[in-house]
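S.K.: File follows, my_file-v6.pdb with PDB, C-alpha atoms and all ligand atoms:
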ATOM      1  CA  MET S1292      13.315  28.537 -15.692
ATOM      2  CA  GLU S1293       9.801  27.430 -14.952
ATOM      3  CA  ARG S1294       9.141  26.347 -11.395
ATOM      4  CA  ARG S1295       7.983  22.769 -10.932
ATOM      5  CA  HIS S1296       4.608  22.129  -9.331
ATOM      6  CA  PRO S1297       5.161  21.178  -5.669
ATOM      7  CA  LEU S1298       3.689  17.721  -6.277
ATOM      8  CA  GLN S1299       6.440  17.105  -8.840
ATOM      9  CA  THR S1300       9.108  17.624  -6.175
ATOM     10  CA  HIS S1301       8.237  14.378  -4.377
ATOM     11  CA  SER S1302       9.955  11.088  -5.033
ATOM     12  CA  TRP S1303       7.100   8.754  -5.765
ATOM     13  CA  ALA S1304       7.387   5.161  -4.832
ATOM     14  CA  ASP S1305       6.679   2.580  -7.524
ATOM     15  CA  ASP S1306       8.273   4.594 -10.323
ATOM     16  CA  ASP S1307       5.647   7.316 -10.470
ATOM     17  CA  ILE S1308       2.823   4.842 -11.033
ATOM     18  CA  SER S1309      -0.259   5.556  -8.962
ATOM     19  CA  GLN S1310      -1.723   2.671  -7.019
ATOM     20  CA  GLN S1311      -5.401   2.034  -7.554
ATOM     21  CA  VAL S1312      -8.006   0.779  -5.113
ATOM     22  CA  THR S1313     -11.760   0.485  -5.166
ATOM     23  CA  GLN S1314     -13.319   1.918  -2.045
ATOM     24  CA  ASP S1315     -17.050   2.198  -1.480
ATOM     25  CA  GLY S1316     -17.557   1.473  -5.172
ATOM     26  CA  GLU S1317     -15.304   4.304  -6.306
ATOM     27  CA  ILE S1318     -11.895   3.960  -7.928
ATOM     28  CA  ILE S1319      -9.242   5.910  -6.057
ATOM     29  CA  PHE S1320      -5.655   6.446  -7.159
ATOM     30  CA  TYR S1321      -3.027   7.020  -4.491
ATOM     31  CA  ARG S1322       0.671   7.528  -4.223
ATOM     32  CA  ARG S1323       3.248   7.897  -1.476
ATOM     33  CA  CYS S1324       6.466   9.864  -1.479
ATOM     34  CA  ALA S1325       9.402   7.595  -0.665
ATOM     35  CA  ARG S1326      11.265  10.479   0.978
ATOM     36  CA  CYS S1327       8.695  12.265   3.140
ATOM     37  CA  GLY S1328       6.059   9.525   3.376
ATOM     38  CA  ARG S1329       3.178  11.828   2.513
ATOM     39  CA  ASP S1330       0.224  10.084   0.945
ATOM     40  CA  PHE S1331      -1.963  11.590  -1.727
ATOM     41  CA  MET S1332      -5.200  10.387  -3.257
ATOM     42  CA  ARG S1333      -7.132  11.277  -6.380
ATOM     43  CA  PRO S1334     -10.705  10.066  -6.766
ATOM     44  CA  ASP S1335     -11.517   8.828 -10.244
ATOM     45  CA  SER S1336     -14.330  11.376 -10.262
ATOM     46  CA  GLY S1337     -11.626  13.906 -11.067
ATOM     47  CA  THR S1338     -11.409  16.321  -8.151
ATOM     48  CA  GLY S1339      -7.615  16.455  -8.182
ATOM     49  CA  TRP S1340      -5.011  15.247  -5.700
ATOM     50  CA  HIS S1341      -5.820  15.388  -1.995
ATOM     51  CA  ALA S1342      -3.591  14.825   1.003
ATOM     52  CA  ALA S1343      -4.501  11.416   2.374
ATOM     53  CA  TYR S1344      -4.056   8.913   5.141
ATOM     54  CA  VAL S1345      -3.769   5.336   3.962
ATOM     55  CA  GLY S1346      -5.135   3.081   6.646
ATOM     56  CA  VAL S1347      -4.899  -0.656   6.862
ATOM     57  CA  VAL S1348      -8.315  -2.197   6.816
ATOM     58  CA  ARG S1349      -7.439  -5.827   6.354
ATOM     59  CA  ILE S1350      -4.398  -7.934   6.961
ATOM     60  CA  GLU S1351      -4.100 -11.283   5.265
ATOM     61  CA  PRO S1352      -1.440 -13.938   5.719
ATOM     62  CA  LEU S1353       0.673 -14.935   2.733
ATOM     63  CA  ALA S1354       1.715 -18.470   1.832
ATOM     64  CA  ASP S1355       3.803 -20.362   4.375
ATOM     65  CA  SER S1356       6.713 -20.466   1.910
ATOM     66  CA  VAL S1357       6.713 -16.661   1.750
ATOM     67  CA  THR S1358       6.565 -16.422   5.534
ATOM     68  CA  ARG S1359       9.553 -18.742   5.858
ATOM     69  CA  GLN S1360      11.509 -16.545   3.450
ATOM     70  CA  TRP S1361      10.505 -13.133   4.819
ATOM     71  CA  VAL S1362      10.992 -13.885   8.498
ATOM     72  CA  THR S1363      14.468 -15.328   7.951
ATOM     73  CA  GLU S1364      15.854 -12.785   5.460
ATOM     74  CA  ASP S1365      17.442  -9.452   6.252
ATOM     75  CA  CYS S1366      15.671  -6.403   4.797
ATOM     76  CA  PRO S1367      16.450  -6.330   1.063
ATOM     77  CA  GLY S1368      16.783  -2.537   1.270
ATOM     78  CA  ARG S1369      14.583  -1.936  -1.739
ATOM     79  CA  LEU S1370      11.310  -3.023  -3.266
ATOM     80  CA  LEU S1371      11.578  -6.382  -4.960
ATOM     81  CA  THR S1372       9.557  -7.488  -7.980
ATOM     82  CA  ASN S1373       9.464 -10.956  -6.501
ATOM     83  CA  ASP S1374       7.723  -9.624  -3.386
ATOM     84  CA  CYS S1375       4.846  -8.401  -5.552
ATOM     85  CA  ARG S1376       4.403 -11.952  -6.770
ATOM     86  CA  SER S1377       4.640 -13.213  -3.214
ATOM     87  CA  ARG S1378       1.810 -10.894  -2.182
ATOM     88  CA  THR S1379      -0.501 -12.697  -4.586
ATOM     89  CA  THR S1380      -0.256 -15.791  -2.386
ATOM     90  CA  ARG S1381      -2.752 -14.406   0.119
ATOM     91  CA  GLN S1382      -4.428 -17.192   1.976
ATOM     92  CA  ASN S1383      -8.161 -17.356   2.379
ATOM     93  CA  ARG S1384      -7.986 -19.112   5.691
ATOM     94  CA  SER S1385      -9.506 -17.421   8.654
ATOM     95  CA  LEU S1386      -7.335 -16.324  11.534
ATOM     96  CA  ARG S1387     -10.089 -17.164  13.995
ATOM     97  CA  GLU S1388      -8.300 -20.375  14.849
ATOM     98  CA  ASN S1389      -5.698 -18.181  16.518
ATOM     99  CA  GLY S1390      -8.279 -15.992  18.179
ATOM    100  CA  GLY S1391      -7.626 -13.216  15.684
ATOM    101  CA  ARG S1392     -10.094 -11.443  13.483
ATOM    102  CA  ARG S1393      -9.853 -11.464   9.750
ATOM    103  CA  HIS S1394     -11.182  -7.964   9.296
ATOM    104  CA  MET S1395      -9.663  -5.299  11.435
ATOM    105  CA  THR S1396     -10.260  -1.634  11.780
ATOM    106  CA  VAL S1397      -7.253   0.394  12.750
ATOM    107  CA  LYS S1398      -7.724   3.405  14.979
ATOM    108  CA  ARG S1399      -6.695   6.611  13.330
ATOM    109  CA  CYS S1400      -4.700   9.177  15.219
TER
HETATM  110 ZN    ZN S1501       8.071  13.854  -0.524
END
Any chance you could give the structure as structure tokens?
Ligand SMILES: [Zn+2]
M.R.:
Amino acid sequence: MERRHPLQTHSWADDDISQQVTQDGEIIFYRRCARCGRDFMRPDSGTGWHAAYVGVVRIEPLADSVTRQWVTEDCPGRLLTNDCRSRTTRQNRSLRENGGRRHMTVKRC
């Protein structure tokens, strides 16, 4: 029996579909294992999969209706398709009115 490649032993979130972001003008694919939480990235330039840290660079509030739902519901225990739609309700309003900053840089450990 042929041994699987170690990367094929992970349990990828999102049904084995790589997420895609554009960072510094370059397309980067990334994926996270739902079991061990390891993140991996693959630059579109084709240098293979790298271990990665996925940092949060910006936090945006969603629509008030989504907030009302999410803060009053128990954890659904799984990813919900509806939540993906909810995430498209990002608001463009600035958080400065609350003294917050719209763009945040998170310290890395
Ligand atoms: Zn894993």
S.K.: Quick one: apply the PyMOL selection byres (((not hetatm)) within 6 of (chain S and resi 1501)) to the file and drop the selected residues here as a PDB file with C-alpha atoms, keeping the file's coordinate frame.
M.R.:
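File produced: result.pdb:
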ATOM      1  CA  HIS S1301       8.237  14.378  -4.377  1.00  0.00           C
ATOM      2  CA  SER S1302       9.955  11.088  -5.033  1.00  0.00           C
ATOM      3  CA  CYS S1324       6.466   9.864  -1.479  1.00  0.00           C
ATOM      4  CA  ARG S1326      11.265  10.479   0.978  1.00  0.00           C
ATOM      5  CA  CYS S1327       8.695  12.265   3.140  1.00  0.00           C
TER       6      CYS S1327
END
S.K.: Report as a PyMOL selection string the residues that result from applying the PyMOL selection byres (((chain S and resi 1312) around 12) and not hetatm) to the structure here.
M.R.: chain S and resi 1309-1311+1313-1322+1332-1335+1345
S.K.: Quick one: distance from atom CA of Ala1325 of chain S to atom CA of Asp1374 of chain S in Å, one decimal?
M.R.: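 Answer for the atom CA of Ala1325 of chain S to atom CA of Asp1374 of chain S separation: 17.5 Å.
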S.K.: Would you be able to write out as a list of chain:residue names which residues have an atom within 12 Å of (10.6, -12.6, 0.8) in the file's coordinates, counting all atoms listed in the file?
M.R.: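 Checking each residue against the 12 Å limit leaves S:Leu1353, S:Ala1354, S:Asp1355, S:Ser1356, S:Val1357, S:Thr1358, S:Arg1359, S:Gln1360, S:Trp1361, S:Val1362, S:Thr1363, S:Glu1364, S:Asp1365, S:Cys1366, S:Pro1367, S:Gly1368, S:Arg1369, S:Leu1370, S:Leu1371, S:Thr1372, S:Asn1373, S:Asp1374, S:Cys1375, S:Arg1376, S:Ser1377, S:Arg1378, S:Thr1380.
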S.K.: Of the candidates S:Ala1342, S:Pro1352, S:Arg1323, S:Arg1329, which one gets nearest to Trp1303 of chain S if we count only C-alpha atoms?
M.R.: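 For Trp1303 of chain S, the nearest of the given residues is S:Arg1323.
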S.K.: Ranking S:Gln1382, S:Val1347, S:Asp1330, S:Gly1337 by minimum distance to Ala1304 of chain S and counting all atoms listed in the file, which one comes first?
M.R.: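 Answer, going by the shortest atom-to-atom distance: S:Asp1330.
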S.K.: Kindly give the distance, in Å, that separates atom CA of Gly1328 of chain S and atom CA of Gly1346 of chain S, rounded to a single decimal.
M.R.: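 These two atoms are separated by 13.3 Å.
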